[in-house]
Every structure is written in structure tokens, then in C-alpha cells.
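In what follows, a structure is listed as C-alpha cells, so that the remarks can point back to it.
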Amino acid sequence: MVRNIGGQGNTLGERLASLPPGSIQHLDELWAAHKVRNNIVHDPDYRLTQEKAREVASQYEEVLKEFEVL
């Protein structure tokens with residue numbers, strides 16, 4: 001989805017960083033959710049709380065609504 005609106009790069013992080021401000025209404029939420037995802041994948045000591053999981057799911061939901069996927 002990010003690539004389709006002009007995000008450039010090999011990773012989602014690179015694509016998000018290449019987007020101009022305002023290109024995605026919920027860009028900050030997408031960044032926050034992506035950072036949690038990175039913590040889960042790359043930090044074996046990271047512990048995802050139920051509260052944080054709900055927050056991230058809500059952030060992704062807002063982005064998916066913006067892209068009219070939901």
C-alpha cells in the first residue's frame with residue numbers, strides 16, 4: 001500500500017521515511033505500530049502487553065480504513 005502511494009525503498013521503514021508529510025493521514029500511527037513490530041521481531045526481550053497489542057491493532061485499523069481496505 002505504501003509503495004502504491006510513492007513510498008520508495010526496500011523496507012517498510014525506508015518507504016515510510018520517503019513519504020512527504022501529509023501523504024498519509026495516519027502516518028504517525030503507522031510509524032508507531034511499525035516500531036512495535038520491529039521490537040517484536042528483533043528484540044528477544046521485548047514483551048508485548050495486551051494493552052499495547054490493542055493499541056497497535058487500533059493503529060493498523062485506522063491506516064487500513066484510510067486505504068479503504070477495511
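By order in the C-alpha cells, chains are A, B, ...; within a chain, residues start at 1; ligands start at 1, following the order shown.
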Would you give me, as a PDB file with N, CA and C atoms, in the first residue's frame, the residues in chain A that DSSP reads as alpha helix (DSSP H)?
ATOM      1  N   LEU A  12       9.734  -1.406   4.731  1.00  0.00           N
ATOM      2  CA  LEU A  12       8.629  -0.517   5.071  1.00  0.00           C
ATOM      3  C   LEU A  12       9.155   0.755   5.741  1.00  0.00           C
ATOM      4  N   GLY A  13      10.154   0.619   6.598  1.00  0.00           N
ATOM      5  CA  GLY A  13      10.732   1.794   7.247  1.00  0.00           C
ATOM      6  C   GLY A  13      11.278   2.796   6.238  1.00  0.00           C
ATOM      7  N   GLU A  14      12.000   2.299   5.231  1.00  0.00           N
ATOM      8  CA  GLU A  14      12.536   3.187   4.190  1.00  0.00           C
ATOM      9  C   GLU A  14      11.409   3.836   3.401  1.00  0.00           C
ATOM     10  N   ARG A  15      10.375   3.060   3.106  1.00  0.00           N
ATOM     11  CA  ARG A  15       9.240   3.606   2.344  1.00  0.00           C
ATOM     12  C   ARG A  15       8.497   4.673   3.136  1.00  0.00           C
ATOM     13  N   LEU A  16       8.300   4.410   4.429  1.00  0.00           N
ATOM     14  CA  LEU A  16       7.622   5.406   5.265  1.00  0.00           C
ATOM     15  C   LEU A  16       8.446   6.682   5.360  1.00  0.00           C
ATOM     16  N   ALA A  17       9.751   6.526   5.516  1.00  0.00           N
ATOM     17  CA  ALA A  17      10.633   7.693   5.634  1.00  0.00           C
ATOM     18  C   ALA A  17      10.652   8.523   4.358  1.00  0.00           C
ATOM     19  N   SER A  18      10.395   7.904   3.219  1.00  0.00           N
ATOM     20  CA  SER A  18      10.450   8.629   1.948  1.00  0.00           C
ATOM     21  C   SER A  18       9.169   9.386   1.631  1.00  0.00           C
ATOM     22  N   LEU A  27       0.062   8.661   9.351  1.00  0.00           N
ATOM     23  CA  LEU A  27       1.472   8.282   9.207  1.00  0.00           C
ATOM     24  C   LEU A  27       2.134   8.072  10.569  1.00  0.00           C
ATOM     25  N   ASP A  28       1.851   8.919  11.525  1.00  0.00           N
ATOM     26  CA  ASP A  28       2.455   8.765  12.853  1.00  0.00           C
ATOM     27  C   ASP A  28       2.026   7.452  13.509  1.00  0.00           C
ATOM     28  N   GLU A  29       0.763   7.104  13.339  1.00  0.00           N
ATOM     29  CA  GLU A  29       0.273   5.851  13.905  1.00  0.00           C
ATOM     30  C   GLU A  29       0.914   4.647  13.224  1.00  0.00           C
ATOM     31  N   LEU A  30       1.100   4.741  11.912  1.00  0.00           N
ATOM     32  CA  LEU A  30       1.735   3.651  11.185  1.00  0.00           C
ATOM     33  C   LEU A  30       3.184   3.490  11.617  1.00  0.00           C
ATOM     34  N   TRP A  31       3.893   4.595  11.807  1.00  0.00           N
ATOM     35  CA  TRP A  31       5.263   4.533  12.301  1.00  0.00           C
ATOM     36  C   TRP A  31       5.313   3.882  13.683  1.00  0.00           C
ATOM     37  N   ALA A  32       4.431   4.293  14.565  1.00  0.00           N
ATOM     38  CA  ALA A  32       4.410   3.747  15.926  1.00  0.00           C
ATOM     39  C   ALA A  32       4.152   2.241  15.907  1.00  0.00           C
ATOM     40  N   ALA A  33       3.195   1.817  15.108  1.00  0.00           N
ATOM     41  CA  ALA A  33       2.884   0.388  15.008  1.00  0.00           C
ATOM     42  C   ALA A  33       4.058  -0.377  14.405  1.00  0.00           C
ATOM     43  N   HIS A  34       4.702   0.212  13.415  1.00  0.00           N
ATOM     44  CA  HIS A  34       5.850  -0.445  12.781  1.00  0.00           C
ATOM     45  C   HIS A  34       7.017  -0.601  13.768  1.00  0.00           C
ATOM     46  N   LYS A  35       7.206   0.382  14.614  1.00  0.00           N
ATOM     47  CA  LYS A  35       8.273   0.289  15.620  1.00  0.00           C
ATOM     48  C   LYS A  35       8.005  -0.845  16.601  1.00  0.00           C
ATOM     49  N   VAL A  36       6.752  -1.019  16.987  1.00  0.00           N
ATOM     50  CA  VAL A  36       6.405  -2.138  17.872  1.00  0.00           C
ATOM     51  C   VAL A  36       6.660  -3.449  17.146  1.00  0.00           C
ATOM     52  N   ARG A  37       6.271  -3.522  15.898  1.00  0.00           N
ATOM     53  CA  ARG A  37       6.527  -4.718  15.091  1.00  0.00           C
ATOM     54  C   ARG A  37       8.015  -5.030  15.072  1.00  0.00           C
ATOM     55  N   ASN A  38       8.836  -4.012  14.855  1.00  0.00           N
ATOM     56  CA  ASN A  38      10.286  -4.221  14.844  1.00  0.00           C
ATOM     57  C   ASN A  38      10.787  -4.724  16.192  1.00  0.00           C
ATOM     58  N   ASN A  39      10.261  -4.188  17.272  1.00  0.00           N
ATOM     59  CA  ASN A  39      10.647  -4.666  18.609  1.00  0.00           C
ATOM     60  C   ASN A  39      10.312  -6.140  18.775  1.00  0.00           C
ATOM     61  N   ILE A  40       9.117  -6.529  18.331  1.00  0.00           N
ATOM     62  CA  ILE A  40       8.695  -7.929  18.452  1.00  0.00           C
ATOM     63  C   ILE A  40       9.645  -8.839  17.673  1.00  0.00           C
ATOM     64  N   VAL A  41      10.009  -8.430  16.476  1.00  0.00           N
ATOM     65  CA  VAL A  41      10.820  -9.262  15.589  1.00  0.00           C
ATOM     66  C   VAL A  41      12.291  -9.278  15.988  1.00  0.00           C
ATOM     67  N   HIS A  42      12.824  -8.147  16.424  1.00  0.00           N
ATOM     68  CA  HIS A  42      14.271  -8.018  16.598  1.00  0.00           C
ATOM     69  C   HIS A  42      14.769  -8.035  18.040  1.00  0.00           C
ATOM     70  N   GLN A  50      -0.903  -6.765  26.608  1.00  0.00           N
ATOM     71  CA  GLN A  50      -2.214  -6.822  25.969  1.00  0.00           C
ATOM     72  C   GLN A  50      -2.693  -5.412  25.607  1.00  0.00           C
ATOM     73  N   GLU A  51      -2.423  -4.466  26.472  1.00  0.00           N
ATOM     74  CA  GLU A  51      -2.810  -3.077  26.212  1.00  0.00           C
ATOM     75  C   GLU A  51      -2.103  -2.538  24.968  1.00  0.00           C
ATOM     76  N   LYS A  52      -0.804  -2.797  24.854  1.00  0.00           N
ATOM     77  CA  LYS A  52      -0.033  -2.325  23.709  1.00  0.00           C
ATOM     78  C   LYS A  52      -0.498  -3.024  22.433  1.00  0.00           C
ATOM     79  N   ALA A  53      -0.819  -4.305  22.522  1.00  0.00           N
ATOM     80  CA  ALA A  53      -1.310  -5.045  21.359  1.00  0.00           C
ATOM     81  C   ALA A  53      -2.610  -4.436  20.848  1.00  0.00           C
ATOM     82  N   ARG A  54      -3.493  -4.088  21.758  1.00  0.00           N
ATOM     83  CA  ARG A  54      -4.760  -3.449  21.357  1.00  0.00           C
ATOM     84  C   ARG A  54      -4.497  -2.096  20.699  1.00  0.00           C
ATOM     85  N   GLU A  55      -3.567  -1.345  21.266  1.00  0.00           N
ATOM     86  CA  GLU A  55      -3.228  -0.026  20.723  1.00  0.00           C
ATOM     87  C   GLU A  55      -2.687  -0.162  19.297  1.00  0.00           C
ATOM     88  N   VAL A  56      -1.777  -1.101  19.095  1.00  0.00           N
ATOM     89  CA  VAL A  56      -1.182  -1.301  17.770  1.00  0.00           C
ATOM     90  C   VAL A  56      -2.231  -1.784  16.773  1.00  0.00           C
ATOM     91  N   ALA A  57      -3.092  -2.699  17.194  1.00  0.00           N
ATOM     92  CA  ALA A  57      -4.158  -3.177  16.315  1.00  0.00           C
ATOM     93  C   ALA A  57      -5.058  -2.022  15.896  1.00  0.00           C
ATOM     94  N   SER A  58      -5.343  -1.132  16.819  1.00  0.00           N
ATOM     95  CA  SER A  58      -6.163   0.039  16.514  1.00  0.00           C
ATOM     96  C   SER A  58      -5.449   0.964  15.525  1.00  0.00           C
ATOM     97  N   GLN A  59      -4.140   1.127  15.701  1.00  0.00           N
ATOM     98  CA  GLN A  59      -3.366   1.969  14.781  1.00  0.00           C
ATOM     99  C   GLN A  59      -3.392   1.388  13.371  1.00  0.00           C
ATOM    100  N   TYR A  60      -3.153   0.086  13.261  1.00  0.00           N
ATOM    101  CA  TYR A  60      -3.214  -0.545  11.945  1.00  0.00           C
ATOM    102  C   TYR A  60      -4.619  -0.437  11.353  1.00  0.00           C
ATOM    103  N   GLU A  61      -5.639  -0.589  12.185  1.00  0.00           N
ATOM    104  CA  GLU A  61      -7.013  -0.489  11.707  1.00  0.00           C
ATOM    105  C   GLU A  61      -7.278   0.883  11.089  1.00  0.00           C
ATOM    106  N   GLU A  62      -6.811   1.944  11.739  1.00  0.00           N
ATOM    107  CA  GLU A  62      -7.007   3.296  11.209  1.00  0.00           C
ATOM    108  C   GLU A  62      -6.344   3.453   9.849  1.00  0.00           C
ATOM    109  N   VAL A  63      -5.144   2.930   9.711  1.00  0.00           N
ATOM    110  CA  VAL A  63      -4.432   3.021   8.434  1.00  0.00           C
ATOM    111  C   VAL A  63      -5.170   2.217   7.362  1.00  0.00           C
ATOM    112  N   LEU A  64      -5.610   1.010   7.696  1.00  0.00           N
ATOM    113  CA  LEU A  64      -6.323   0.185   6.720  1.00  0.00           C
ATOM    114  C   LEU A  64      -7.647   0.818   6.300  1.00  0.00           C
ATOM    115  N   LYS A  65      -8.298   1.512   7.210  1.00  0.00           N
ATOM    116  CA  LYS A  65      -9.515   2.247   6.858  1.00  0.00           C
ATOM    117  C   LYS A  65      -9.181   3.392   5.908  1.00  0.00           C
ATOM    118  N   GLU A  66      -8.068   4.083   6.196  1.00  0.00           N
ATOM    119  CA  GLU A  66      -7.664   5.191   5.335  1.00  0.00           C
ATOM    120  C   GLU A  66      -7.403   4.704   3.901  1.00  0.00           C
TER     121      GLU A  66
END
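Nearest to Gly6 in chain A of all the residues A:Leu19, A:Leu48, A:His26, A:Val69 is A:Leu19, counting only C-alpha atoms.
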